[in-house]
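Only one structure is covered here, and it is reproduced in the block below.
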Amino acid sequence: MDENEISRVIVDAAIEVHRELGGPGLIEDVYEEALEEELRLRGMLVERQLPVRIVYKGRLLRKPLRLDMKVQKLVLVDNKAVTEWNPIFESQLLTYLRLTGLKLGLGINFGERILKAGIHRVVNGLPEDIGFNAKTQRRRDARGAGFADAGSAATGFRCP
């Protein structure tokens, strides 16, 4: 499976979790654990609370960054349960993609009444899939909503 196929499974699983738990109102950890279970039921490899070691000017920092989820070793998932989405969440996810050298991340806000409105796709040099409209992406990038493309991954970071 490639990143786009994995992301479709993740979105379907997240919608099922949101529906099964009754929508918004719970804390992020509950949604994260339920999403992990739903993805495992669908045959996905899921790593949770993944530590990422950071090297700063040649020195390994003591405290690692913790990423919510990595699915099939290819797609990062950053789970939120907030009443209002902040664009900084997409910037953070883009930084996580750069740190890990991965190309696709999904920010999922379980705090939305309708979950589809809370799914944010962030890319880091991922080639466009055939069904994706590049014109729409450029327009959305210009407004700063929904999609980002960072180019190549940064160096100096380690992800187990």
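Residue numbering restarts at 1 for every chain of the structure tokens, chains are lettered A, B, ... in their displayed order, and ligands are numbered from 1 as they appear.
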
Residues within 12 Å of Asp29 of chain A, only C-alpha atoms, excluding chain neighbours under 4 positions, as a list in words: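 Here the qualifying residues turn out to be Gly25, Glu33, Ala34, Leu35, Glu36, Arg48, Gln49, Asp68, Met69, Asp78, Asn79, Lys80, Ala81 and Phe110 of chain A.
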
Can you write out as a tab-separated table which residues of segment 31-75 of chain A fall within 12 Å of segment 11-17 of chain A, alongside each residue's closest atom pair and its distance in Å to one decimal, counting only C-alpha atoms and ordering rows by chain and ascending residue number?
residue	atom	partner	partner_atom	distance
A:Tyr31	CA	A:Val17	CA	7.1
A:Glu32	CA	A:Ala14	CA	9.3
A:Glu33	CA	A:Val17	CA	9.8
A:Ala34	CA	A:Val17	CA	6.4
A:Leu35	CA	A:Ala14	CA	6.0
A:Glu36	CA	A:Ala13	CA	9.0
A:Glu37	CA	A:Val17	CA	9.3
A:Glu38	CA	A:Ala13	CA	5.9
A:Leu39	CA	A:Ala13	CA	6.2
A:Arg40	CA	A:Ala13	CA	9.8
A:Leu41	CA	A:Ala13	CA	9.4
A:Arg42	CA	A:Ala13	CA	8.2
A:Gly43	CA	A:Ala13	CA	11.3
A:Met44	CA	A:Ala13	CA	10.5
A:Val71	CA	A:Val11	CA	11.9
A:Val75	CA	A:Val11	CA	11.7

How would the residues just picked look written out with C-alpha atoms as an mmCIF file, in the first residue's frame?
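Output contents, as saved in selection_31.cif:
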data_model
loop_
_atom_site.group_PDB
_atom_site.id
_atom_site.type_symbol
_atom_site.label_atom_id
_atom_site.label_comp_id
_atom_site.auth_asym_id
_atom_site.auth_seq_id
_atom_site.Cartn_x
_atom_site.Cartn_y
_atom_site.Cartn_z
ATOM 1 C CA TYR A 31 -9.803 8.740 20.386
ATOM 2 C CA GLU A 32 -6.153 7.831 19.781
ATOM 3 C CA GLU A 33 -6.454 4.470 21.515
ATOM 4 C CA ALA A 34 -9.743 3.680 19.759
ATOM 5 C CA LEU A 35 -8.232 4.659 16.383
ATOM 6 C CA GLU A 36 -5.267 2.405 17.061
ATOM 7 C CA GLU A 37 -7.629 -0.504 17.761
ATOM 8 C CA GLU A 38 -9.745 0.200 14.672
ATOM 9 C CA LEU A 39 -6.669 0.354 12.457
ATOM 10 C CA ARG A 40 -5.338 -2.919 13.898
ATOM 11 C CA LEU A 41 -8.724 -4.543 13.222
ATOM 12 C CA ARG A 42 -8.243 -3.447 9.610
ATOM 13 C CA GLY A 43 -4.831 -5.111 9.440
ATOM 14 C CA MET A 44 -2.706 -1.962 9.773
ATOM 15 C CA VAL A 71 0.707 3.800 10.345
ATOM 16 C CA VAL A 75 1.832 7.926 7.351
#

Of the listed residues A:Gly22, A:Lys116, A:Val77, A:Thr83, that which approaches Lys103 of chain A most closely, counting only C-alpha atoms: A:Val77

Sel. of alpha helix (DSSP H) residues, segment 8-111 of chain A, as a ChimeraX atom specification: /A:8-21,28-41,88-100

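Compared by their closest atoms to Val46 of chain A, and using only C-alpha atoms, the residues A:Leu21, A:Val30, A:Leu102, A:Leu76 rank with A:Leu76 nearest.
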
Option closest in space to Leu67 of chain A, from A:Leu115, A:Ile27, A:Leu97, A:Met1 [counting only C-alpha atoms]: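 Using only C-alpha atoms, Leu67 of chain A sits closest to A:Leu97.
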
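The closest residue to Tyr96 of chain A, picked from A:Asn4, A:Ile114, A:Arg66, A:Arg121 and counting only C-alpha atoms, is A:Arg66.
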
Interatomic distance (Å, one decimal) between atom CA of Pro51 of chain A and atom CA of Pro64 of chain A: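 Going from atom CA of Pro51 of chain A over to atom CA of Pro64 of chain A, I get 5.5 Å.
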
Straight-line distance linking atom CA of Tyr56 of chain A with atom CA of Leu94 of chain A, stated in Å to one decimal: 18.6 Å

Among listed residues A:Gly125, A:Gly58, A:Gly107, A:Gly23, nearest Pro87 of chain A (using only C-alpha atoms):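 Of A:Gly125, A:Gly58, A:Gly107, A:Gly23, the one nearest Pro87 of chain A, counting only C-alpha atoms, is A:Gly107.
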
Polymer residues at most 7 Å from Ile119 of chain A, only C-alpha atoms, same-chain spacing of 5 or more positions, as a PyMOL selection string: chain A and resi 106-109

Kindly export the residues of the current selection with C-alpha atoms, as an mmCIF file, in the first residue's frame.
data_model
loop_
_atom_site.group_PDB
_atom_site.id
_atom_site.type_symbol
_atom_site.label_atom_id
_atom_site.label_comp_id
_atom_site.auth_asym_id
_atom_site.auth_seq_id
_atom_site.Cartn_x
_atom_site.Cartn_y
_atom_site.Cartn_z
ATOM 1 C CA LEU A 106 -3.096 13.476 8.641
ATOM 2 C CA GLY A 107 -4.244 15.839 11.343
ATOM 3 C CA ILE A 108 -7.530 14.470 12.665
ATOM 4 C CA ASN A 109 -9.678 16.624 14.922
#
